file structure_39.cif (mmCIF, C-alpha atoms and all ligand atoms)
data_target
loop_
_atom_site.group_PDB
_atom_site.id
_atom_site.type_symbol
_atom_site.label_atom_id
_atom_site.label_comp_id
_atom_site.auth_asym_id
_atom_site.auth_seq_id
_atom_site.Cartn_x
_atom_site.Cartn_y
_atom_site.Cartn_z
ATOM 1 C CA MET A 1 0.000 0.000 0.000
ATOM 2 C CA SER A 2 1.386 3.447 -0.824
ATOM 3 C CA LEU A 3 1.763 6.068 1.874
ATOM 4 C CA ASN A 4 -1.031 8.129 0.350
ATOM 5 C CA ALA A 5 -3.429 5.178 0.410
ATOM 6 C CA GLN A 6 -3.069 5.155 4.180
ATOM 7 C CA THR A 7 -3.680 8.861 4.560
ATOM 8 C CA ARG A 8 -7.307 9.675 5.273
ATOM 9 C CA TRP A 9 -8.386 13.268 4.691
ATOM 10 C CA LEU A 10 -11.328 14.568 6.720
ATOM 11 C CA THR A 11 -12.722 18.034 6.171
ATOM 12 C CA PHE A 12 -14.895 20.001 8.538
ATOM 13 C CA GLN A 13 -17.176 22.960 7.932
ATOM 14 C CA SER A 14 -16.276 25.116 10.906
ATOM 15 C CA GLN A 15 -13.630 25.598 13.536
ATOM 16 C CA GLN A 16 -16.095 24.375 16.127
ATOM 17 C CA GLU A 17 -16.788 21.201 14.170
ATOM 18 C CA ILE A 18 -13.130 20.259 13.743
ATOM 19 C CA ASN A 19 -12.377 21.005 17.389
ATOM 20 C CA GLN A 20 -15.273 18.833 18.531
ATOM 21 C CA ALA A 21 -14.268 15.999 16.196
ATOM 22 C CA ALA A 22 -10.673 16.121 17.448
ATOM 23 C CA LEU A 23 -11.901 16.135 21.044
ATOM 24 C CA ASN A 24 -14.138 13.126 20.426
ATOM 25 C CA ARG A 25 -11.322 11.278 18.697
ATOM 26 C CA ILE A 26 -8.926 11.865 21.591
ATOM 27 C CA LEU A 27 -11.462 10.800 24.218
ATOM 28 C CA ALA A 28 -12.375 7.677 22.237
ATOM 29 C CA ALA A 29 -8.705 6.743 21.792
ATOM 30 C CA ALA A 30 -8.207 7.199 25.526
ATOM 31 C CA ASP A 31 -11.149 4.965 26.432
ATOM 32 C CA ALA A 32 -9.978 2.253 24.030
ATOM 33 C CA ALA A 33 -6.367 2.337 25.230
ATOM 34 C CA ILE A 34 -7.296 2.346 28.906
ATOM 35 C CA ALA A 35 -9.638 -0.618 28.343
ATOM 36 C CA LYS A 36 -6.863 -2.487 26.538
ATOM 37 C CA TYR A 37 -3.653 -1.456 28.329
ATOM 38 C CA GLY A 38 -4.785 0.298 31.484
ATOM 39 C CA SER A 39 -3.117 3.496 30.297
ATOM 40 C CA PHE A 40 -3.341 6.062 27.491
ATOM 41 C CA LEU A 41 -0.162 7.466 25.955
ATOM 42 C CA ILE A 42 -0.777 10.659 24.016
ATOM 43 C CA VAL A 43 1.821 12.829 22.274
ATOM 44 C CA LEU A 44 0.843 16.467 21.869
ATOM 45 C CA ALA A 45 1.398 18.848 18.996
ATOM 46 C CA GLY A 46 2.737 22.288 19.687
ATOM 47 C CA GLY A 47 1.994 25.423 17.710
ATOM 48 C CA SER A 48 -1.266 27.342 17.934
ATOM 49 C CA THR A 49 -3.709 25.049 16.093
ATOM 50 C CA PRO A 50 -4.418 22.518 18.882
ATOM 51 C CA LYS A 51 -4.965 25.102 21.623
ATOM 52 C CA ALA A 52 -8.746 25.218 21.264
ATOM 53 C CA VAL A 53 -8.917 21.420 21.449
ATOM 54 C CA TYR A 54 -6.793 21.454 24.581
ATOM 55 C CA GLN A 55 -9.195 24.016 26.065
ATOM 56 C CA LEU A 56 -12.085 21.631 25.384
ATOM 57 C CA LEU A 57 -10.129 18.809 27.035
ATOM 58 C CA ALA A 58 -9.765 20.987 30.121
ATOM 59 C CA LYS A 59 -13.547 20.789 30.530
ATOM 60 C CA ALA A 60 -13.981 17.139 29.549
ATOM 61 C CA ASN A 61 -14.604 14.154 31.764
ATOM 62 C CA ALA A 62 -12.018 11.437 31.373
ATOM 63 C CA ASP A 63 -10.171 8.822 33.351
ATOM 64 C CA TRP A 64 -7.317 11.299 33.848
ATOM 65 C CA ALA A 65 -5.447 9.130 36.343
ATOM 66 C CA ASN A 66 -4.459 6.818 33.492
ATOM 67 C CA TRP A 67 -3.327 9.437 30.980
ATOM 68 C CA HIS A 68 0.386 9.819 30.175
ATOM 69 C CA VAL A 69 1.251 12.932 28.207
ATOM 70 C CA TYR A 70 4.284 13.535 25.981
ATOM 71 C CA HIS A 71 5.166 16.282 23.487
ATOM 72 C CA ASN A 72 6.306 15.777 19.943
ATOM 73 C CA ASP A 73 8.621 18.769 20.117
ATOM 74 C CA ASP A 74 9.494 21.880 22.071
ATOM 75 C CA ARG A 75 11.432 25.077 21.692
ATOM 76 C CA CYS A 76 14.640 25.777 23.627
ATOM 77 C CA LEU A 77 13.372 28.654 25.759
ATOM 78 C CA PRO A 78 12.868 29.126 29.509
ATOM 79 C CA VAL A 79 10.174 26.931 31.092
ATOM 80 C CA ASP A 80 7.728 29.800 31.536
ATOM 81 C CA HIS A 81 8.295 31.396 28.143
ATOM 82 C CA ALA A 82 5.017 32.074 26.338
ATOM 83 C CA GLU A 83 6.332 30.284 23.237
ATOM 84 C CA ARG A 84 7.007 26.982 24.993
ATOM 85 C CA ASN A 85 4.736 24.211 23.709
ATOM 86 C CA SER A 86 4.652 22.693 27.200
ATOM 87 C CA LYS A 87 3.432 25.977 28.693
ATOM 88 C CA MET A 88 0.678 26.299 26.126
ATOM 89 C CA ALA A 89 -0.557 22.771 26.844
ATOM 90 C CA ARG A 90 -0.440 23.296 30.608
ATOM 91 C CA ASP A 91 -2.194 26.663 30.500
ATOM 92 C CA ALA A 92 -4.902 25.509 28.095
ATOM 93 C CA TRP A 93 -5.503 22.054 29.514
ATOM 94 C CA LEU A 94 -3.111 20.122 31.702
ATOM 95 C CA SER A 95 -3.163 22.357 34.741
ATOM 96 C CA HIS A 96 -6.971 22.098 34.840
ATOM 97 C CA VAL A 97 -7.285 18.293 35.071
ATOM 98 C CA PRO A 98 -6.035 15.753 37.622
ATOM 99 C CA ILE A 99 -3.437 13.949 35.497
ATOM 100 C CA PRO A 100 -0.715 12.994 37.998
ATOM 101 C CA GLU A 101 2.234 15.351 37.573
ATOM 102 C CA ASN A 102 4.668 12.457 37.113
ATOM 103 C CA GLN A 103 2.633 11.372 34.069
ATOM 104 C CA ILE A 104 3.067 14.723 32.306
ATOM 105 C CA HIS A 105 6.352 14.490 30.443
ATOM 106 C CA ASP A 106 7.434 17.927 29.275
ATOM 107 C CA ILE A 107 10.542 18.071 27.101
ATOM 108 C CA PRO A 108 13.227 19.804 29.228
ATOM 109 C CA ALA A 109 14.028 22.149 26.358
ATOM 110 C CA GLU A 110 15.252 24.798 28.818
ATOM 111 C CA LEU A 111 18.414 22.657 29.147
ATOM 112 C CA GLY A 112 19.336 23.380 25.524
ATOM 113 C CA ASN A 113 18.821 21.105 22.558
ATOM 114 C CA VAL A 114 21.642 18.623 23.221
ATOM 115 C CA GLU A 115 21.134 18.055 26.954
ATOM 116 C CA GLY A 116 17.365 18.332 26.715
ATOM 117 C CA ALA A 117 17.180 15.760 23.918
ATOM 118 C CA LYS A 118 19.368 13.365 25.891
ATOM 119 C CA ALA A 119 17.138 13.744 28.931
ATOM 120 C CA TYR A 120 13.958 13.222 26.903
ATOM 121 C CA ALA A 121 15.411 10.148 25.184
ATOM 122 C CA GLN A 122 15.950 8.811 28.687
ATOM 123 C CA THR A 123 12.323 9.630 29.596
ATOM 124 C CA LEU A 124 11.142 7.708 26.529
ATOM 125 C CA LYS A 125 13.276 4.667 27.283
ATOM 126 C CA GLY A 126 11.099 1.603 27.747
ATOM 127 C CA VAL A 127 7.883 3.528 27.018
ATOM 128 C CA ARG A 128 5.546 1.319 25.000
ATOM 129 C CA THR A 129 4.044 2.154 21.621
ATOM 130 C CA PHE A 130 2.209 5.468 21.846
ATOM 131 C CA ASP A 131 -1.567 5.329 21.475
ATOM 132 C CA LEU A 132 -2.166 8.660 19.727
ATOM 133 C CA VAL A 133 0.260 11.156 18.225
ATOM 134 C CA ILE A 134 -1.238 14.564 17.413
ATOM 135 C CA LEU A 135 0.662 16.681 14.908
ATOM 136 C CA GLY A 136 0.437 20.085 13.280
ATOM 137 C CA LEU A 137 1.504 21.052 9.779
ATOM 138 C CA GLY A 138 3.768 23.996 9.044
ATOM 139 C CA GLU A 139 3.293 26.189 5.997
ATOM 140 C CA ASP A 140 6.530 24.728 4.614
ATOM 141 C CA GLY A 141 5.356 21.167 5.200
ATOM 142 C CA HIS A 142 7.201 20.578 8.462
ATOM 143 C CA THR A 143 5.697 18.619 11.288
ATOM 144 C CA ALA A 144 6.881 18.326 14.899
ATOM 145 C CA SER A 145 10.354 19.876 14.429
ATOM 146 C CA LEU A 146 11.147 17.865 11.308
ATOM 147 C CA PHE A 147 11.908 20.574 8.744
ATOM 148 C CA PRO A 148 12.336 20.437 4.968
ATOM 149 C CA GLY A 149 15.916 19.934 3.885
ATOM 150 C CA GLN A 150 17.131 18.948 7.347
ATOM 151 C CA LEU A 151 18.571 15.524 7.899
ATOM 152 C CA VAL A 152 16.146 13.273 9.771
ATOM 153 C CA ASP A 153 18.086 11.946 12.726
ATOM 154 C CA ASN A 154 16.716 8.645 13.986
ATOM 155 C CA SER A 155 19.729 7.877 16.121
ATOM 156 C CA ALA A 156 17.722 8.386 19.301
ATOM 157 C CA ASP A 157 14.096 8.723 20.341
ATOM 158 C CA ALA A 158 14.534 12.463 20.954
ATOM 159 C CA VAL A 159 17.024 14.556 19.005
ATOM 160 C CA PRO A 160 18.335 18.119 18.951
ATOM 161 C CA VAL A 161 17.299 20.418 16.110
ATOM 162 C CA TYR A 162 19.529 23.309 14.973
ATOM 163 C CA ASN A 163 18.758 26.177 12.621
ATOM 164 C CA SER A 164 15.008 25.696 12.636
ATOM 165 C CA PRO A 165 13.493 27.994 10.006
ATOM 166 C CA LYS A 166 10.582 28.555 12.421
ATOM 167 C CA PRO A 167 11.922 30.363 15.518
ATOM 168 C CA PRO A 168 13.515 29.624 17.811
ATOM 169 C CA ALA A 169 16.431 28.036 15.960
ATOM 170 C CA ASP A 170 17.161 25.503 18.693
ATOM 171 C CA ARG A 171 14.544 22.875 19.349
ATOM 172 C CA ILE A 172 14.093 19.281 20.426
ATOM 173 C CA THR A 173 11.915 16.820 18.578
ATOM 174 C CA ILE A 174 10.914 13.214 19.006
ATOM 175 C CA SER A 175 12.473 11.422 16.045
ATOM 176 C CA GLN A 176 10.494 10.274 13.038
ATOM 177 C CA HIS A 177 11.164 6.677 13.934
ATOM 178 C CA ARG A 178 9.783 7.049 17.481
ATOM 179 C CA LEU A 179 6.784 9.149 16.426
ATOM 180 C CA ASN A 180 5.843 6.360 14.026
ATOM 181 C CA ASN A 181 5.827 3.881 16.879
ATOM 182 C CA THR A 182 2.184 4.683 17.622
ATOM 183 C CA HIS A 183 -1.216 3.112 17.154
ATOM 184 C CA GLU A 184 -2.824 6.258 15.739
ATOM 185 C CA VAL A 185 -1.844 9.582 14.184
ATOM 186 C CA MET A 186 -4.053 12.654 13.885
ATOM 187 C CA PHE A 187 -2.917 15.812 12.104
ATOM 188 C CA LEU A 188 -4.783 19.044 12.802
ATOM 189 C CA VAL A 189 -4.571 21.403 9.839
ATOM 190 C CA THR A 190 -6.491 24.666 9.745
ATOM 191 C CA GLY A 191 -6.308 27.849 7.701
ATOM 192 C CA ALA A 192 -5.517 28.902 4.171
ATOM 193 C CA GLY A 193 -1.848 29.313 5.082
ATOM 194 C CA LYS A 194 -1.565 25.529 5.006
ATOM 195 C CA GLN A 195 -3.003 25.200 1.481
ATOM 196 C CA GLU A 196 0.305 24.881 -0.349
ATOM 197 C CA ALA A 197 1.635 22.241 2.041
ATOM 198 C CA VAL A 198 -1.634 20.301 1.716
ATOM 199 C CA ASP A 199 -1.471 20.521 -2.092
ATOM 200 C CA GLN A 200 2.097 19.243 -2.046
ATOM 201 C CA TRP A 201 1.257 16.418 0.327
ATOM 202 C CA ARG A 202 -1.744 15.337 -1.743
ATOM 203 C CA SER A 203 0.215 15.426 -4.975
ATOM 204 C CA GLY A 204 2.911 13.156 -3.588
ATOM 205 C CA VAL A 205 5.660 15.634 -2.729
ATOM 206 C CA ALA A 206 7.752 14.208 0.110
ATOM 207 C CA ILE A 207 7.219 17.028 2.619
ATOM 208 C CA PRO A 208 8.308 16.119 6.173
ATOM 209 C CA ALA A 209 4.696 15.456 7.245
ATOM 210 C CA THR A 210 4.694 12.412 4.959
ATOM 211 C CA LEU A 211 7.441 10.859 7.079
ATOM 212 C CA ILE A 212 4.865 10.141 9.739
ATOM 213 C CA GLN A 213 3.007 6.881 9.328
ATOM 214 C CA SER A 214 1.501 4.421 11.747
ATOM 215 C CA PRO A 215 0.386 0.862 10.997
ATOM 216 C CA ASN A 216 -3.180 2.203 11.127
ATOM 217 C CA GLY A 217 -2.436 5.036 8.714
ATOM 218 C CA VAL A 218 -2.808 8.728 9.318
ATOM 219 C CA ASP A 219 -5.897 10.899 9.685
ATOM 220 C CA VAL A 220 -5.620 14.494 8.564
ATOM 221 C CA TYR A 221 -8.361 16.692 10.054
ATOM 222 C CA CYS A 222 -8.722 19.837 7.932
ATOM 223 C CA PHE A 223 -10.634 23.071 8.110
ATOM 224 C CA GLY A 224 -10.171 26.107 5.877
ATOM 225 C CA VAL A 225 -8.092 24.325 3.254
ATOM 226 C CA GLU A 226 -9.367 22.957 0.007
ATOM 227 C CA LEU A 227 -8.820 19.303 -0.879
ATOM 228 C CA LYS A 228 -8.063 19.641 -4.586
HETATM 229 C C1 LIG B 301 6.035 23.994 16.862
HETATM 230 C C2 LIG B 301 5.434 22.769 16.301
HETATM 231 C C3 LIG B 301 5.127 22.746 14.852
HETATM 232 C C4 LIG B 301 3.668 23.162 14.658
HETATM 233 C C5 LIG B 301 3.411 23.588 13.240
HETATM 234 C C6 LIG B 301 2.028 24.174 13.073
HETATM 235 O O1 LIG B 301 6.685 23.923 17.891
HETATM 236 O O2 LIG B 301 5.898 25.042 16.255
HETATM 237 O O3 LIG B 301 5.231 21.695 17.025
HETATM 238 O O4 LIG B 301 5.391 21.552 14.196
HETATM 239 O O5 LIG B 301 2.816 22.123 15.015
HETATM 240 O O6 LIG B 301 4.358 24.557 12.884
HETATM 241 O O7 LIG B 301 1.951 25.302 13.901
HETATM 242 P P1 LIG B 301 0.623 26.176 14.022
HETATM 243 O O8 LIG B 301 -0.387 25.282 14.618
HETATM 244 O O9 LIG B 301 1.003 27.302 14.932
HETATM 245 O O10 LIG B 301 0.288 26.599 12.641
#
call {"tool": "encode", "arguments": {"input": "structure_39.cif", "output": "structure tokens"}}
result
Amino acid sequence: MSLNAQTRWLTFQSQQEINQAALNRILAAADAAIAKYGSFLIVLAGGSTPKAVYQLLAKANADWANWHVYHNDDRCLPVDHAERNSKMARDAWLSHVPIPENQIHDIPAELGNVEGAKAYAQTLKGVRTFDLVILGLGEDGHTASLFPGQLVDNSADAVPVYNSPKPPADRITISQHRLNNTHEVMFLVTGAGKQEAVDQWRSGVAIPATLIQSPNGVDVYCFGVELK
């Protein structure tokens, strides 16, 4: 099966509709994983797109005690910096629900990309297959902190990123290989700014987003882009 055959494109008619669908998908994945494994391992996207979904999660009822939260990437900035992906997720969602603190695994990006990546690789050691990886899509086709033209380093589960075209330059990302070790993948793609990347993806251009594949394929939730 080709990569594209496993990519399912879902379009929604409003921001509210896509947010609700993403929320339902996350809660359903959590219920299924907890029934099967006793735990739910979710990997969060950074950027601005998922914020509204995280705000809905803050008000949702779930078996929070069994949730384990990871991040697909973060930016090398102080812990409380407004641009940290971990801060966004905590402010919008995680600090409003009773997930045990030792089950929220922020990337220690404040340590710098080399030390922080080493520490996060250690955190990921022995962690089973993720249940759900959520990802965003950059206007240039990047996802997590896997950028066009940059070598994909699969030498470890978490790797340093240098010279990111999207600031800040120093970042840490979970590697392609480890992100793909998941039962499910959901991309959240909203806004006309993503049109070119979506067009490229759909016409078979190998943008970084296409590196991400799970055995169950990939679902791309879209609003505000046209599926040509
Ligand atoms: C980040 C990301 C990145 C993001 C996309 C989309 O740290 O910036 O994790 O991969 O998900 O760039 O970002 P927006 O949702 O802000 O468009």
call {"tool": "atom_distance", "arguments": {"input": "structure_39.cif", "atom1": "CA of Gln103 in chain A", "atom2": "CA of Asp153 in chain A"}}
result
26.4 Å
call {"tool": "closest_residue", "arguments": {"input": "structure_39.cif", "among": "A:Glu17, A:Glu184, A:Glu139, A:Glu110", "to": "ligand LIG 301 (chain B)", "atoms": "all atoms listed in the file"}}
result
A:Glu139
call {"tool": "residues_around", "arguments": {"input": "structure_39.cif", "residues": "Gln176 in chain A", "least_positions_apart": "6", "cutoff": "7 Å", "atoms": "all atoms listed in the file", "output": "PyMOL selection string"}}
result
chain A and resi 154+211-212
call {"tool": "closest_residue", "arguments": {"input": "structure_39.cif", "among": "A:Cys222, A:Gln16, A:Ala109, A:Gly191", "to": "Asp80 in chain A", "atoms": "all atoms listed in the file"}}
result
A:Ala109
call {"tool": "resolve_selection", "arguments": {"input": "structure_39.cif", "expression": "the PyMOL selection byres (((not hetatm)) within 8 of (chain B and resi 301))", "output": "list in words"}}
result
Ala45, Gly46, Gly47, Ser48, Thr49, Pro50, Asn72, Asp73, Asp74, Arg75, Arg84, Asn85, Leu135, Gly136, Leu137, Gly138, Glu139, His142, Thr143, Ala144, Ser145, Leu146, Lys166, Leu188, Val189, Thr190 and Lys194 of chain A
call {"tool": "closest_residue", "arguments": {"input": "structure_39.cif", "among": "A:Gly204, A:Pro78, A:Pro165, A:Gly38", "to": "Asp140 in chain A", "atoms": "all atoms listed in the file"}}
result
A:Pro165
call {"tool": "resolve_selection", "arguments": {"input": "structure_39.cif", "expression": "the PyMOL selection byres (((chain A and resi 13) around 12) and not hetatm)", "output": "PDB file with C-alpha atoms, in the coordinates of the input"}}
result
ATOM      1  CA  LEU A  10     -11.328  14.568   6.720  1.00  0.00           C
ATOM      2  CA  THR A  11     -12.722  18.034   6.171  1.00  0.00           C
ATOM      3  CA  PHE A  12     -14.895  20.001   8.538  1.00  0.00           C
ATOM      4  CA  SER A  14     -16.276  25.116  10.906  1.00  0.00           C
ATOM      5  CA  GLN A  15     -13.630  25.598  13.536  1.00  0.00           C
ATOM      6  CA  GLN A  16     -16.095  24.375  16.127  1.00  0.00           C
ATOM      7  CA  GLU A  17     -16.788  21.201  14.170  1.00  0.00           C
ATOM      8  CA  ILE A  18     -13.130  20.259  13.743  1.00  0.00           C
ATOM      9  CA  ASN A  19     -12.377  21.005  17.389  1.00  0.00           C
ATOM     10  CA  GLN A  20     -15.273  18.833  18.531  1.00  0.00           C
ATOM     11  CA  ALA A  21     -14.268  15.999  16.196  1.00  0.00           C
ATOM     12  CA  THR A 190      -6.491  24.666   9.745  1.00  0.00           C
ATOM     13  CA  GLY A 191      -6.308  27.849   7.701  1.00  0.00           C
ATOM     14  CA  TYR A 221      -8.361  16.692  10.054  1.00  0.00           C
ATOM     15  CA  CYS A 222      -8.722  19.837   7.932  1.00  0.00           C
ATOM     16  CA  PHE A 223     -10.634  23.071   8.110  1.00  0.00           C
ATOM     17  CA  GLY A 224     -10.171  26.107   5.877  1.00  0.00           C
ATOM     18  CA  VAL A 225      -8.092  24.325   3.254  1.00  0.00           C
ATOM     19  CA  GLU A 226      -9.367  22.957   0.007  1.00  0.00           C
TER      20      GLU A 226
END
call {"tool": "atom_distance", "arguments": {"input": "structure_39.cif", "atom1": "CA of Thr210 in chain A", "atom2": "CA of Gly141 in chain A"}}
result
8.8 Å
call {"tool": "resolve_selection", "arguments": {"input": "structure_39.cif", "expression": "the PyMOL selection byres (((chain A and resi 60) around 10) and not hetatm)", "output": "VMD selection string"}}
result
chain A and resid 23 to 24 27 54 to 59 61 to 64 93 97
call {"tool": "decode", "arguments": {"input": "structure_39.cif", "residues": "range 166-194 of chain A", "atoms": "N, CA and C atoms", "output": "PDB file, in the first residue's frame"}}
result
ATOM      1  N   LYS A 166      11.630  27.936  11.586  1.00  0.00           N
ATOM      2  CA  LYS A 166      10.582  28.555  12.421  1.00  0.00           C
ATOM      3  C   LYS A 166      11.219  28.826  13.783  1.00  0.00           C
ATOM      4  N   PRO A 167      11.236  30.068  14.252  1.00  0.00           N
ATOM      5  CA  PRO A 167      11.922  30.363  15.518  1.00  0.00           C
ATOM      6  C   PRO A 167      11.301  29.625  16.707  1.00  0.00           C
ATOM      7  N   PRO A 168      12.090  29.366  17.740  1.00  0.00           N
ATOM      8  CA  PRO A 168      13.515  29.624  17.811  1.00  0.00           C
ATOM      9  C   PRO A 168      14.327  28.565  17.054  1.00  0.00           C
ATOM     10  N   ALA A 169      15.580  28.909  16.775  1.00  0.00           N
ATOM     11  CA  ALA A 169      16.431  28.036  15.960  1.00  0.00           C
ATOM     12  C   ALA A 169      16.708  26.699  16.639  1.00  0.00           C
ATOM     13  N   ASP A 170      16.857  26.739  17.962  1.00  0.00           N
ATOM     14  CA  ASP A 170      17.161  25.503  18.693  1.00  0.00           C
ATOM     15  C   ASP A 170      15.872  24.876  19.223  1.00  0.00           C
ATOM     16  N   ARG A 171      15.739  23.624  18.944  1.00  0.00           N
ATOM     17  CA  ARG A 171      14.544  22.875  19.349  1.00  0.00           C
ATOM     18  C   ARG A 171      14.921  21.451  19.698  1.00  0.00           C
ATOM     19  N   ILE A 172      13.939  20.719  20.190  1.00  0.00           N
ATOM     20  CA  ILE A 172      14.093  19.281  20.426  1.00  0.00           C
ATOM     21  C   ILE A 172      12.857  18.627  19.828  1.00  0.00           C
ATOM     22  N   THR A 173      13.063  17.532  19.131  1.00  0.00           N
ATOM     23  CA  THR A 173      11.915  16.820  18.578  1.00  0.00           C
ATOM     24  C   THR A 173      12.032  15.327  18.871  1.00  0.00           C
ATOM     25  N   ILE A 174      10.897  14.676  19.038  1.00  0.00           N
ATOM     26  CA  ILE A 174      10.914  13.214  19.006  1.00  0.00           C
ATOM     27  C   ILE A 174      11.247  12.835  17.564  1.00  0.00           C
ATOM     28  N   SER A 175      12.042  11.802  17.397  1.00  0.00           N
ATOM     29  CA  SER A 175      12.473  11.422  16.045  1.00  0.00           C
ATOM     30  C   SER A 175      11.314  10.833  15.245  1.00  0.00           C
ATOM     31  N   GLN A 176      11.496  10.861  13.939  1.00  0.00           N
ATOM     32  CA  GLN A 176      10.494  10.274  13.038  1.00  0.00           C
ATOM     33  C   GLN A 176      10.196   8.823  13.434  1.00  0.00           C
ATOM     34  N   HIS A 177      11.286   8.101  13.632  1.00  0.00           N
ATOM     35  CA  HIS A 177      11.164   6.677  13.934  1.00  0.00           C
ATOM     36  C   HIS A 177      10.296   6.440  15.185  1.00  0.00           C
ATOM     37  N   ARG A 178      10.535   7.250  16.230  1.00  0.00           N
ATOM     38  CA  ARG A 178       9.783   7.049  17.481  1.00  0.00           C
ATOM     39  C   ARG A 178       8.352   7.561  17.356  1.00  0.00           C
ATOM     40  N   LEU A 179       8.159   8.656  16.615  1.00  0.00           N
ATOM     41  CA  LEU A 179       6.784   9.149  16.426  1.00  0.00           C
ATOM     42  C   LEU A 179       5.943   8.099  15.704  1.00  0.00           C
ATOM     43  N   ASN A 180       6.586   7.367  14.790  1.00  0.00           N
ATOM     44  CA  ASN A 180       5.843   6.360  14.026  1.00  0.00           C
ATOM     45  C   ASN A 180       5.524   5.114  14.840  1.00  0.00           C
ATOM     46  N   ASN A 181       6.120   5.016  16.013  1.00  0.00           N
ATOM     47  CA  ASN A 181       5.827   3.881  16.879  1.00  0.00           C
ATOM     48  C   ASN A 181       4.584   4.230  17.712  1.00  0.00           C
ATOM     49  N   THR A 182       3.456   4.257  17.016  1.00  0.00           N
ATOM     50  CA  THR A 182       2.184   4.683  17.622  1.00  0.00           C
ATOM     51  C   THR A 182       1.033   3.925  16.978  1.00  0.00           C
ATOM     52  N   HIS A 183      -0.039   3.774  17.728  1.00  0.00           N
ATOM     53  CA  HIS A 183      -1.216   3.112  17.154  1.00  0.00           C
ATOM     54  C   HIS A 183      -1.993   4.038  16.223  1.00  0.00           C
ATOM     55  N   GLU A 184      -2.009   5.337  16.539  1.00  0.00           N
ATOM     56  CA  GLU A 184      -2.824   6.258  15.739  1.00  0.00           C
ATOM     57  C   GLU A 184      -2.113   7.594  15.565  1.00  0.00           C
ATOM     58  N   VAL A 185      -2.383   8.248  14.443  1.00  0.00           N
ATOM     59  CA  VAL A 185      -1.844   9.582  14.184  1.00  0.00           C
ATOM     60  C   VAL A 185      -2.988  10.496  13.730  1.00  0.00           C
ATOM     61  N   MET A 186      -3.058  11.663  14.331  1.00  0.00           N
ATOM     62  CA  MET A 186      -4.053  12.654  13.885  1.00  0.00           C
ATOM     63  C   MET A 186      -3.353  13.991  13.650  1.00  0.00           C
ATOM     64  N   PHE A 187      -3.394  14.463  12.415  1.00  0.00           N
ATOM     65  CA  PHE A 187      -2.917  15.812  12.104  1.00  0.00           C
ATOM     66  C   PHE A 187      -4.076  16.782  12.243  1.00  0.00           C
ATOM     67  N   LEU A 188      -3.791  17.961  12.763  1.00  0.00           N
ATOM     68  CA  LEU A 188      -4.783  19.044  12.802  1.00  0.00           C
ATOM     69  C   LEU A 188      -4.274  20.168  11.909  1.00  0.00           C
ATOM     70  N   VAL A 189      -5.030  20.455  10.855  1.00  0.00           N
ATOM     71  CA  VAL A 189      -4.571  21.403   9.839  1.00  0.00           C
ATOM     72  C   VAL A 189      -5.677  22.419   9.583  1.00  0.00           C
ATOM     73  N   THR A 190      -5.455  23.662   9.977  1.00  0.00           N
ATOM     74  CA  THR A 190      -6.491  24.666   9.745  1.00  0.00           C
ATOM     75  C   THR A 190      -5.898  25.929   9.121  1.00  0.00           C
ATOM     76  N   GLY A 191      -6.673  26.535   8.240  1.00  0.00           N
ATOM     77  CA  GLY A 191      -6.308  27.849   7.701  1.00  0.00           C
ATOM     78  C   GLY A 191      -5.670  27.788   6.325  1.00  0.00           C
ATOM     79  N   ALA A 192      -5.970  28.834   5.560  1.00  0.00           N
ATOM     80  CA  ALA A 192      -5.517  28.902   4.171  1.00  0.00           C
ATOM     81  C   ALA A 192      -4.001  28.902   4.048  1.00  0.00           C
ATOM     82  N   GLY A 193      -3.311  29.305   5.104  1.00  0.00           N
ATOM     83  CA  GLY A 193      -1.848  29.313   5.082  1.00  0.00           C
ATOM     84  C   GLY A 193      -1.259  27.925   4.860  1.00  0.00           C
ATOM     85  N   LYS A 194      -2.063  26.899   5.133  1.00  0.00           N
ATOM     86  CA  LYS A 194      -1.565  25.529   5.006  1.00  0.00           C
ATOM     87  C   LYS A 194      -1.871  24.931   3.635  1.00  0.00           C
TER      88      LYS A 194
END
